[in-house]
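Okay, entry_20.cif is below, mmCIF, C-alpha atoms:
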data_upload
loop_
_atom_site.group_PDB
_atom_site.id
_atom_site.type_symbol
_atom_site.label_atom_id
_atom_site.label_comp_id
_atom_site.auth_asym_id
_atom_site.auth_seq_id
_atom_site.Cartn_x
_atom_site.Cartn_y
_atom_site.Cartn_z
ATOM 1 C CA MET A 1 114.379 150.782 105.824
ATOM 2 C CA PHE A 2 110.815 151.118 104.522
ATOM 3 C CA HIS A 3 108.411 153.090 106.717
ATOM 4 C CA HIS A 4 104.773 152.074 106.903
ATOM 5 C CA ALA A 5 102.841 154.865 105.243
ATOM 6 C CA PRO A 6 100.269 156.620 107.382
ATOM 7 C CA MET A 7 96.760 156.356 105.992
ATOM 8 C CA GLY A 8 96.022 158.416 102.940
ATOM 9 C CA PHE A 9 98.188 159.428 100.008
ATOM 10 C CA GLU A 10 100.396 156.589 98.773
ATOM 11 C CA LEU A 11 103.912 157.689 97.736
ATOM 12 C CA GLY A 12 105.208 154.511 96.111
ATOM 13 C CA GLY A 13 105.883 155.067 92.399
ATOM 14 C CA ARG A 14 104.878 158.756 92.460
ATOM 15 C CA ARG A 15 107.183 161.558 91.303
ATOM 16 C CA ALA A 16 108.179 164.242 93.815
ATOM 17 C CA LEU A 17 109.969 167.504 93.029
ATOM 18 C CA VAL A 18 112.016 168.792 95.983
ATOM 19 C CA THR A 19 113.549 172.289 95.870
ATOM 20 C CA GLY A 20 116.566 173.192 98.003
ATOM 21 C CA ALA A 21 117.357 169.478 98.164
ATOM 22 C CA SER A 22 121.152 169.781 98.505
ATOM 23 C CA ALA A 23 121.230 170.312 102.299
ATOM 24 C CA GLY A 24 119.277 170.633 105.536
ATOM 25 C CA ILE A 25 115.559 169.875 105.698
ATOM 26 C CA GLY A 26 115.256 169.524 101.910
ATOM 27 C CA GLN A 27 117.878 166.786 101.783
ATOM 28 C CA GLU A 28 116.193 164.925 104.649
ATOM 29 C CA ILE A 29 112.756 165.206 102.991
ATOM 30 C CA ALA A 30 114.281 163.721 99.820
ATOM 31 C CA ARG A 31 115.660 160.794 101.857
ATOM 32 C CA GLU A 32 112.309 160.268 103.572
ATOM 33 C CA LEU A 33 110.366 160.310 100.278
ATOM 34 C CA ALA A 34 112.800 157.859 98.659
ATOM 35 C CA ALA A 35 112.496 155.532 101.675
ATOM 36 C CA ARG A 36 108.744 155.510 101.057
ATOM 37 C CA GLY A 37 109.181 154.594 97.401
ATOM 38 C CA ALA A 38 108.813 157.945 95.616
ATOM 39 C CA HIS A 39 110.796 158.774 92.481
ATOM 40 C CA LEU A 40 112.520 162.129 92.806
ATOM 41 C CA THR A 41 113.434 165.242 90.893
ATOM 42 C CA LEU A 42 115.895 167.180 93.055
ATOM 43 C CA ALA A 43 116.540 170.854 92.419
ATOM 44 C CA ALA A 44 119.142 173.215 93.934
ATOM 45 C CA ARG A 45 122.054 175.417 92.934
ATOM 46 C CA ARG A 46 124.743 172.926 93.987
ATOM 47 C CA LEU A 47 124.615 170.230 91.332
ATOM 48 C CA ASP A 48 127.569 168.244 92.727
ATOM 49 C CA ARG A 49 125.805 167.787 96.071
ATOM 50 C CA LEU A 50 122.578 166.760 94.321
ATOM 51 C CA GLU A 51 124.411 164.172 92.189
ATOM 52 C CA GLU A 52 125.956 162.686 95.316
ATOM 53 C CA LEU A 53 122.592 162.498 97.103
ATOM 54 C CA ALA A 54 120.894 161.071 93.990
ATOM 55 C CA GLU A 55 123.441 158.267 93.740
ATOM 56 C CA THR A 56 122.956 157.375 97.430
ATOM 57 C CA LEU A 57 119.158 157.298 97.125
ATOM 58 C CA ARG A 58 119.133 155.246 93.906
ATOM 59 C CA GLU A 59 121.358 152.629 95.531
ATOM 60 C CA ALA A 60 119.566 152.562 98.885
ATOM 61 C CA HIS A 61 115.959 152.553 97.657
ATOM 62 C CA GLY A 62 115.960 151.605 93.967
ATOM 63 C CA VAL A 63 114.041 154.723 92.986
ATOM 64 C CA GLU A 64 114.564 156.984 89.956
ATOM 65 C CA VAL A 65 116.286 160.254 90.828
ATOM 66 C CA GLU A 66 116.741 163.171 88.437
ATOM 67 C CA VAL A 67 118.722 166.282 89.327
ATOM 68 C CA LEU A 68 118.201 169.812 88.014
ATOM 69 C CA LYS A 69 120.280 172.911 88.638
ATOM 70 C CA ALA A 70 117.983 175.729 89.735
ATOM 71 C CA ASP A 71 118.564 179.190 91.153
ATOM 72 C CA LEU A 72 115.161 180.173 92.525
ATOM 73 C CA ALA A 73 116.491 183.466 93.903
ATOM 74 C CA HIS A 74 116.793 184.596 90.268
ATOM 75 C CA PRO A 75 113.594 186.061 88.735
ATOM 76 C CA ASP A 76 113.673 183.487 85.900
ATOM 77 C CA GLY A 77 114.603 180.576 88.166
ATOM 78 C CA ALA A 78 111.124 179.196 88.855
ATOM 79 C CA GLY A 79 110.082 179.489 85.204
ATOM 80 C CA ASP A 80 113.248 177.672 84.089
ATOM 81 C CA LEU A 81 112.637 174.885 86.609
ATOM 82 C CA ILE A 82 109.016 174.518 85.455
ATOM 83 C CA ALA A 83 110.163 174.289 81.818
ATOM 84 C CA ALA A 84 112.735 171.607 82.725
ATOM 85 C CA CYS A 85 110.188 169.591 84.746
ATOM 86 C CA ASP A 86 107.610 169.761 81.966
ATOM 87 C CA GLN A 87 110.085 167.854 79.751
ATOM 88 C CA GLY A 88 110.120 164.985 82.253
ATOM 89 C CA PRO A 89 107.667 162.827 84.186
ATOM 90 C CA GLU A 90 104.499 164.430 85.586
ATOM 91 C CA VAL A 91 105.057 165.822 89.107
ATOM 92 C CA ASP A 92 102.628 164.278 91.654
ATOM 93 C CA VAL A 93 104.182 165.866 94.740
ATOM 94 C CA LEU A 94 105.846 169.286 95.069
ATOM 95 C CA ILE A 95 107.997 170.128 98.077
ATOM 96 C CA ASN A 96 108.690 173.874 98.180
ATOM 97 C CA ASN A 97 111.605 173.801 100.580
ATOM 98 C CA ALA A 98 114.150 176.224 99.084
ATOM 99 C CA GLY A 99 114.360 179.312 101.262
ATOM 100 C CA VAL A 100 116.769 181.563 103.100
ATOM 101 C CA GLY A 101 116.705 183.733 106.217
ATOM 102 C CA MET A 102 118.076 187.222 106.865
ATOM 103 C CA HIS A 103 118.757 188.374 110.384
ATOM 104 C CA GLY A 104 119.536 191.869 111.597
ATOM 105 C CA ASP A 105 118.531 195.452 110.940
ATOM 106 C CA GLY A 106 115.353 195.333 108.860
ATOM 107 C CA VAL A 107 115.795 198.912 107.635
ATOM 108 C CA GLY A 108 119.557 198.787 107.131
ATOM 109 C CA HIS A 109 119.789 195.479 105.238
ATOM 110 C CA ASP A 110 121.156 195.578 101.724
ATOM 111 C CA TRP A 111 118.107 195.804 99.427
ATOM 112 C CA ALA A 112 119.558 193.533 96.721
ATOM 113 C CA ASP A 113 119.955 190.729 99.309
ATOM 114 C CA GLU A 114 116.504 191.306 100.741
ATOM 115 C CA ARG A 115 114.879 191.338 97.311
ATOM 116 C CA GLN A 116 116.601 188.033 96.481
ATOM 117 C CA MET A 117 115.226 186.535 99.693
ATOM 118 C CA ILE A 118 111.689 187.686 98.831
ATOM 119 C CA GLN A 119 112.123 186.324 95.302
ATOM 120 C CA LEU A 120 113.142 182.928 96.696
ATOM 121 C CA ASN A 121 110.810 182.652 99.689
ATOM 122 C CA VAL A 122 107.680 184.201 98.146
ATOM 123 C CA LEU A 123 107.683 184.657 94.372
ATOM 124 C CA ALA A 124 109.339 181.348 93.435
ATOM 125 C CA VAL A 125 107.087 179.464 95.870
ATOM 126 C CA ALA A 126 103.968 181.178 94.468
ATOM 127 C CA GLU A 127 104.974 180.525 90.854
ATOM 128 C CA LEU A 128 105.852 176.856 91.357
ATOM 129 C CA THR A 129 102.712 176.284 93.423
ATOM 130 C CA LYS A 130 100.446 177.920 90.847
ATOM 131 C CA HIS A 131 101.861 175.894 87.982
ATOM 132 C CA PHE A 132 101.958 172.473 89.646
ATOM 133 C CA ALA A 133 98.676 172.895 91.530
ATOM 134 C CA GLY A 134 97.070 173.700 88.169
ATOM 135 C CA ARG A 135 98.460 170.511 86.618
ATOM 136 C CA MET A 136 97.416 168.482 89.668
ATOM 137 C CA ARG A 137 93.892 169.897 89.565
ATOM 138 C CA GLU A 138 93.571 168.933 85.878
ATOM 139 C CA ARG A 139 94.575 165.360 86.767
ATOM 140 C CA GLY A 140 92.426 165.383 89.903
ATOM 141 C CA THR A 141 95.190 164.448 92.365
ATOM 142 C CA GLY A 142 98.426 165.732 93.900
ATOM 143 C CA ARG A 143 100.111 167.048 97.044
ATOM 144 C CA ILE A 144 102.113 170.200 97.749
ATOM 145 C CA LEU A 145 104.109 170.705 100.946
ATOM 146 C CA GLN A 146 105.260 174.246 101.694
ATOM 147 C CA VAL A 147 108.096 174.598 104.183
ATOM 148 C CA ALA A 148 107.015 177.631 106.192
ATOM 149 C CA SER A 149 108.211 178.361 109.748
ATOM 150 C CA THR A 150 107.091 179.082 113.291
ATOM 151 C CA ALA A 151 107.986 182.646 112.185
ATOM 152 C CA SER A 152 104.838 182.471 110.010
ATOM 153 C CA PHE A 153 102.654 183.026 113.058
ATOM 154 C CA LEU A 154 103.917 186.355 114.405
ATOM 155 C CA PRO A 155 105.868 189.536 113.603
ATOM 156 C CA CYS A 156 109.601 188.840 114.034
ATOM 157 C CA PRO A 157 111.795 191.829 114.931
ATOM 158 C CA GLY A 158 115.323 190.960 113.796
ATOM 159 C CA TYR A 159 113.788 188.804 111.058
ATOM 160 C CA ALA A 160 111.236 191.356 109.831
ATOM 161 C CA ALA A 161 111.145 190.548 106.107
ATOM 162 C CA TYR A 162 111.946 186.836 106.567
ATOM 163 C CA GLY A 163 109.077 186.361 109.022
ATOM 164 C CA ALA A 164 106.774 188.205 106.635
ATOM 165 C CA THR A 165 107.780 185.926 103.723
ATOM 166 C CA LYS A 166 106.901 182.898 105.848
ATOM 167 C CA ALA A 167 103.555 184.428 106.848
ATOM 168 C CA PHE A 168 102.834 184.640 103.107
ATOM 169 C CA VAL A 169 103.757 180.973 102.639
ATOM 170 C CA LEU A 170 101.477 179.809 105.465
ATOM 171 C CA HIS A 171 98.422 181.920 104.597
ATOM 172 C CA HIS A 172 98.754 181.175 100.882
ATOM 173 C CA ALA A 173 98.908 177.415 101.578
ATOM 174 C CA GLU A 174 95.913 177.420 103.922
ATOM 175 C CA ALA A 175 93.782 179.468 101.522
ATOM 176 C CA LEU A 176 94.627 177.341 98.460
ATOM 177 C CA ASP A 177 94.066 174.138 100.421
ATOM 178 C CA GLU A 178 90.558 175.368 101.249
ATOM 179 C CA GLU A 179 89.926 176.414 97.622
ATOM 180 C CA LEU A 180 90.901 172.935 96.403
ATOM 181 C CA ARG A 181 88.566 171.048 98.725
ATOM 182 C CA GLY A 182 86.538 169.711 95.796
ATOM 183 C CA VAL A 183 89.462 167.722 94.334
ATOM 184 C CA ASP A 184 92.131 165.395 95.716
ATOM 185 C CA VAL A 185 94.788 168.132 95.687
ATOM 186 C CA ARG A 186 96.159 169.416 98.989
ATOM 187 C CA VAL A 187 98.462 172.349 99.800
ATOM 188 C CA LEU A 188 99.956 171.773 103.233
ATOM 189 C CA ALA A 189 102.287 173.799 105.442
ATOM 190 C CA LEU A 190 105.163 172.501 107.546
ATOM 191 C CA CYS A 191 106.205 175.088 110.154
ATOM 192 C CA PRO A 192 109.490 174.080 111.793
ATOM 193 C CA GLY A 193 111.110 176.217 114.447
ATOM 194 C CA SER A 194 114.837 176.265 115.101
ATOM 195 C CA THR A 195 116.414 173.270 113.313
ATOM 196 C CA ASN A 196 120.009 172.025 113.316
ATOM 197 C CA THR A 197 120.931 173.086 109.771
ATOM 198 C CA ASP A 198 123.183 175.849 108.408
ATOM 199 C CA PHE A 199 120.196 178.266 108.316
ATOM 200 C CA PHE A 200 121.465 180.418 111.196
ATOM 201 C CA GLU A 201 125.006 180.762 109.888
ATOM 202 C CA ILE A 202 123.658 181.806 106.474
ATOM 203 C CA SER A 203 121.130 184.265 107.954
ATOM 204 C CA GLY A 204 123.848 185.912 110.075
ATOM 205 C CA ASN A 205 122.320 185.064 113.445
ATOM 206 C CA VAL A 206 123.867 183.438 116.493
ATOM 207 C CA ARG A 207 121.222 181.281 118.161
ATOM 208 C CA GLY A 208 120.162 182.197 121.687
ATOM 209 C CA ARG A 209 119.900 179.631 124.479
ATOM 210 C CA ALA A 210 116.146 179.137 123.986
ATOM 211 C CA GLN A 211 116.638 178.477 120.265
ATOM 212 C CA ILE A 212 119.422 175.961 120.892
ATOM 213 C CA ALA A 213 117.419 174.194 123.601
ATOM 214 C CA THR A 214 114.384 173.756 121.344
ATOM 215 C CA SER A 215 116.273 173.008 118.115
ATOM 216 C CA LEU A 216 115.067 169.954 116.237
ATOM 217 C CA ASP A 217 116.927 167.433 114.159
ATOM 218 C CA PRO A 218 116.197 167.948 110.429
ATOM 219 C CA THR A 219 115.422 164.220 110.068
ATOM 220 C CA ALA A 220 112.583 164.507 112.599
ATOM 221 C CA VAL A 221 111.267 167.644 110.849
ATOM 222 C CA ALA A 222 111.366 165.862 107.466
ATOM 223 C CA ARG A 223 109.526 162.826 108.838
ATOM 224 C CA ALA A 224 106.830 165.050 110.365
ATOM 225 C CA GLY A 225 106.464 166.820 107.006
ATOM 226 C CA VAL A 226 106.170 163.673 104.917
ATOM 227 C CA ASP A 227 103.732 162.141 107.424
ATOM 228 C CA ALA A 228 101.608 165.313 107.186
ATOM 229 C CA LEU A 229 101.784 165.126 103.393
ATOM 230 C CA GLN A 230 100.424 161.584 103.404
ATOM 231 C CA ARG A 231 97.763 162.271 106.009
ATOM 232 C CA GLY A 232 96.659 165.560 104.464
ATOM 233 C CA LYS A 233 97.258 167.575 107.638
ATOM 234 C CA ARG A 234 96.910 171.265 106.706
ATOM 235 C CA VAL A 235 99.379 172.820 109.184
ATOM 236 C CA THR A 236 102.106 170.908 111.016
ATOM 237 C CA VAL A 237 104.290 172.391 113.763
ATOM 238 C CA PRO A 238 106.935 169.798 114.715
ATOM 239 C CA GLY A 239 108.299 169.714 118.295
ATOM 240 C CA LEU A 240 106.444 170.126 121.576
ATOM 241 C CA ALA A 241 108.021 173.487 122.532
ATOM 242 C CA ASN A 242 107.064 174.910 119.126
ATOM 243 C CA LYS A 243 103.506 173.551 119.392
ATOM 244 C CA LEU A 244 103.078 175.179 122.809
ATOM 245 C CA THR A 245 104.529 178.502 121.643
ATOM 246 C CA THR A 246 102.333 178.759 118.553
ATOM 247 C CA ALA A 247 99.247 177.718 120.557
ATOM 248 C CA GLY A 248 100.093 180.347 123.214
ATOM 249 C CA LEU A 249 100.151 183.106 120.577
ATOM 250 C CA ARG A 250 96.373 182.787 120.210
ATOM 251 C CA VAL A 251 95.850 184.273 123.661
ATOM 252 C CA ILE A 252 98.509 187.014 123.498
ATOM 253 C CA PRO A 253 97.152 190.382 122.271
ATOM 254 C CA ARG A 254 98.474 191.154 118.808
ATOM 255 C CA ARG A 255 100.032 194.486 119.889
ATOM 256 C CA LEU A 256 102.263 192.604 122.362
ATOM 257 C CA GLN A 257 103.386 189.867 119.994
ATOM 258 C CA ALA A 258 106.239 191.798 118.343
ATOM 259 C CA THR A 259 107.557 192.929 121.735
ATOM 260 C CA LEU A 260 107.561 189.375 123.093
ATOM 261 C CA ALA A 261 109.038 187.971 119.912
ATOM 262 C CA ARG A 262 111.865 190.468 120.104
ATOM 263 C CA LYS A 263 112.751 189.328 123.639
ATOM 264 C CA VAL A 264 112.723 185.653 122.638
ATOM 265 C CA LEU A 265 114.653 186.163 119.400
ATOM 266 C CA GLU A 266 117.331 188.251 121.133
#

For the file at hand, write its structure as structure tokens.
Amino acid sequence: MFHHAPMGFELGGRRALVTGASAGIGQEIARELAARGAHLTLAARRLDRLEELAETLREAHGVEVEVLKADLAHPDGAGDLIAACDQGPEVDVLINNAGVGMHGDGVGHDWADERQMIQLNVLAVAELTKHFAGRMRERGTGRILQVASTASFLPCPGYAAYGATKAFVLHHAEALDEELRGVDVRVLALCPGSTNTDFFEISGNVRGRAQIATSLDPTAVARAGVDALQRGKRVTVPGLANKLTTAGLRVIPRRLQATLARKVLE
């Protein structure tokens, strides 16, 4: 099924690199891009799952799909992925989706795990963005979509370091997008809230009632992200409950935000 593209950036025939494409939101973004005619380079650690997805998308949409094994939680991971991509077709669209959460005691967490999360959520995102945004600026066109989070907007007790990594992703995207105003290169942020993926199981959190009630389907999140990419919308918060929450934060004094967040996240 081919979706009518919203006004703006045409995806047909362009090459998109999607990280963390083997599951969850990343997989759904890959499907959405292929449905709109984009050729894909899919990157993740689980090559077998990528191969399976690639085959499905080639058959369904007649697009080219390449797969690359990448471990972006490793310090060399982003550099290796860049080197592999530079051998292939020029990347017109970058989707920085790979990321992981960590729930629990922010002081007591194992440092090796936390450092890996920061490597994946912050350093790999920054390195990939810097490289591909540079190439896009030289060519005068391109789009980058950063998968941030509603956690980007406030301190998150129980998700202290994770929330901080997502604040980096959001602020970095908004600042670069403003810097690039003179060219047709955009750096956009998608800020989903609770989504029905395996994120919570991996992060070690059991969702509370409020999180379950407001959880979105990853397909809807992916569609909102790809729409935003084509329209050039700087920050997108999918889901009405999430929109209201993030809007409400503007009127809550900063010193109370962590206290309120703790109550909600518990």

Take the point (98.3, 184.3, 100.3) in the file's coordinates, draw a sphere of radius 12 Å around it, and report as a count of residues only every protein, DNA or RNA residue with an atom inside or on it, counting all atoms listed in the file. 24

Name the closest residue to A:Ala220 among the candidates A:Asp110, A:Glu10, A:Glu28, A:Asp48; distances are taken between atoms, counting only C-alpha atoms.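 Among the listed residues, A:Glu28 lies closest to A:Ala220.
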
Give me the residues within 9 Å of A:Leu128 as a PyMOL selection string, counting all atoms listed in the file and dropping any in the same chain fewer than 3 places off. chain A and resi 78-79+81-82+94+96+123-125+131-133

Dump C-alpha atoms for the selected residues as a CSV table (one decimal), in the coordinates of the input?
chain,number,residue,atom,x,y,z
A,78,ALA,CA,111.1,179.2,88.9
A,79,GLY,CA,110.1,179.5,85.2
A,81,LEU,CA,112.6,174.9,86.6
A,82,ILE,CA,109.0,174.5,85.5
A,94,LEU,CA,105.8,169.3,95.1
A,96,ASN,CA,108.7,173.9,98.2
A,123,LEU,CA,107.7,184.7,94.4
A,124,ALA,CA,109.3,181.3,93.4
A,125,VAL,CA,107.1,179.5,95.9
A,131,HIS,CA,101.9,175.9,88.0
A,132,PHE,CA,102.0,172.5,89.6
A,133,ALA,CA,98.7,172.9,91.5

Care to translate the PyMOL selection byres ((chain A and resi 95) around 9) into actual residues of this file, as a PyMOL selection string? chain A and resi 16-19+26+29+93-94+96-98+143-147

Write the residues you've just listed into a file as an mmCIF file, in the frame of the given file, and include C-alpha atoms for each of them.
data_model
loop_
_atom_site.group_PDB
_atom_site.id
_atom_site.type_symbol
_atom_site.label_atom_id
_atom_site.label_comp_id
_atom_site.auth_asym_id
_atom_site.auth_seq_id
_atom_site.Cartn_x
_atom_site.Cartn_y
_atom_site.Cartn_z
ATOM 1 C CA ALA A 16 108.179 164.242 93.815
ATOM 2 C CA LEU A 17 109.969 167.504 93.029
ATOM 3 C CA VAL A 18 112.016 168.792 95.983
ATOM 4 C CA THR A 19 113.549 172.289 95.870
ATOM 5 C CA GLY A 26 115.256 169.524 101.910
ATOM 6 C CA ILE A 29 112.756 165.206 102.991
ATOM 7 C CA VAL A 93 104.182 165.866 94.740
ATOM 8 C CA LEU A 94 105.846 169.286 95.069
ATOM 9 C CA ASN A 96 108.690 173.874 98.180
ATOM 10 C CA ASN A 97 111.605 173.801 100.580
ATOM 11 C CA ALA A 98 114.150 176.224 99.084
ATOM 12 C CA ARG A 143 100.111 167.048 97.044
ATOM 13 C CA ILE A 144 102.113 170.200 97.749
ATOM 14 C CA LEU A 145 104.109 170.705 100.946
ATOM 15 C CA GLN A 146 105.260 174.246 101.694
ATOM 16 C CA VAL A 147 108.096 174.598 104.183
#

Counting all atoms listed in the file, which residues sit no farther than 12 Å from the position (105.7, 173.5, 122.7) in the file's frame? I'd like them as a ChimeraX atom specification. /A:150,192-193,210,213-216,237-249

Extract, using only C-alpha atoms, all DNA, RNA and protein residues at most 6 Å from stretch 224-230 of chain A, discarding same-chain residues fewer than 2 positions from it, and format them as a list of chain:residue names. A:Gly8, A:Phe9, A:Leu190, A:Val221, A:Ala222, A:Gly232, A:Lys233

Could you save those same residues with C-alpha atoms as a CSV table (one decimal), keeping the file's coordinate frame?
chain,number,residue,atom,x,y,z
A,8,GLY,CA,96.0,158.4,102.9
A,9,PHE,CA,98.2,159.4,100.0
A,190,LEU,CA,105.2,172.5,107.5
A,221,VAL,CA,111.3,167.6,110.8
A,222,ALA,CA,111.4,165.9,107.5
A,232,GLY,CA,96.7,165.6,104.5
A,233,LYS,CA,97.3,167.6,107.6

At a cut-off of 9 Å, using all atoms listed in the file, what residues contact A:Gly77? Leave out same-chain residues fewer than 6 positions from it and give the result as a ChimeraX atom specification. /A:70-71,120,124

Generate a file of the selected residues that holds C-alpha atoms, formatted as a PDB file, in the frame of the given file.
ATOM      1  CA  ALA A  70     117.983 175.729  89.735  1.00  0.00           C
ATOM      2  CA  ASP A  71     118.564 179.190  91.153  1.00  0.00           C
ATOM      3  CA  LEU A 120     113.142 182.928  96.696  1.00  0.00           C
ATOM      4  CA  ALA A 124     109.339 181.348  93.435  1.00  0.00           C
TER       5      ALA A 124
END

Applied to the shown file, which residues does the PyMOL selection byres ((chain A and resi 35) around 9) return, written as number ranges by chain? A: 1-3, 30-34, 36-38, 57, 60-61, 63

Write out as a list in words each polymer residue whose atoms come within 9 Å of A:Gly140, counting only C-alpha atoms; drop sequence neighbours fewer than 6 positions from it.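 Listed by chain and then number, they are Val183, Asp184 and Val185 of chain A.
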
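One distance worth recording is that between atom CA of A:Arg45 and atom CA of A:Gly104, which is 25.0 Å.
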
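In this model, the gap between atom CA of A:Gln27 and atom CA of A:Glu55 comes to 13.0 Å.
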
So what do you get for atom CA of A:Arg181 versus atom CA of A:Glu90, distance-wise?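 Computing the Euclidean distance for atom CA of A:Arg181 and atom CA of A:Glu90 yields 21.7 Å.
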
Test item: the PyMOL selection byres ((chain A and resi 260) around 12) resolved as a VMD selection string: chain A and resid 154 to 157 245 248 to 249 252 to 259 261 to 266

Let's have the selection written as a PDB file, keeping the file's coordinate frame, with C-alpha atoms.
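Written file, out30.pdb:
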ATOM      1  CA  LEU A 154     103.917 186.355 114.405  1.00  0.00           C
ATOM      2  CA  PRO A 155     105.868 189.536 113.603  1.00  0.00           C
ATOM      3  CA  CYS A 156     109.601 188.840 114.034  1.00  0.00           C
ATOM      4  CA  PRO A 157     111.795 191.829 114.931  1.00  0.00           C
ATOM      5  CA  THR A 245     104.529 178.502 121.643  1.00  0.00           C
ATOM      6  CA  GLY A 248     100.093 180.347 123.214  1.00  0.00           C
ATOM      7  CA  LEU A 249     100.151 183.106 120.577  1.00  0.00           C
ATOM      8  CA  ILE A 252      98.509 187.014 123.498  1.00  0.00           C
ATOM      9  CA  PRO A 253      97.152 190.382 122.271  1.00  0.00           C
ATOM     10  CA  ARG A 254      98.474 191.154 118.808  1.00  0.00           C
ATOM     11  CA  ARG A 255     100.032 194.486 119.889  1.00  0.00           C
ATOM     12  CA  LEU A 256     102.263 192.604 122.362  1.00  0.00           C
ATOM     13  CA  GLN A 257     103.386 189.867 119.994  1.00  0.00           C
ATOM     14  CA  ALA A 258     106.239 191.798 118.343  1.00  0.00           C
ATOM     15  CA  THR A 259     107.557 192.929 121.735  1.00  0.00           C
ATOM     16  CA  ALA A 261     109.038 187.971 119.912  1.00  0.00           C
ATOM     17  CA  ARG A 262     111.865 190.468 120.104  1.00  0.00           C
ATOM     18  CA  LYS A 263     112.751 189.328 123.639  1.00  0.00           C
ATOM     19  CA  VAL A 264     112.723 185.653 122.638  1.00  0.00           C
ATOM     20  CA  LEU A 265     114.653 186.163 119.400  1.00  0.00           C
ATOM     21  CA  GLU A 266     117.331 188.251 121.133  1.00  0.00           C
TER      22      GLU A 266
END
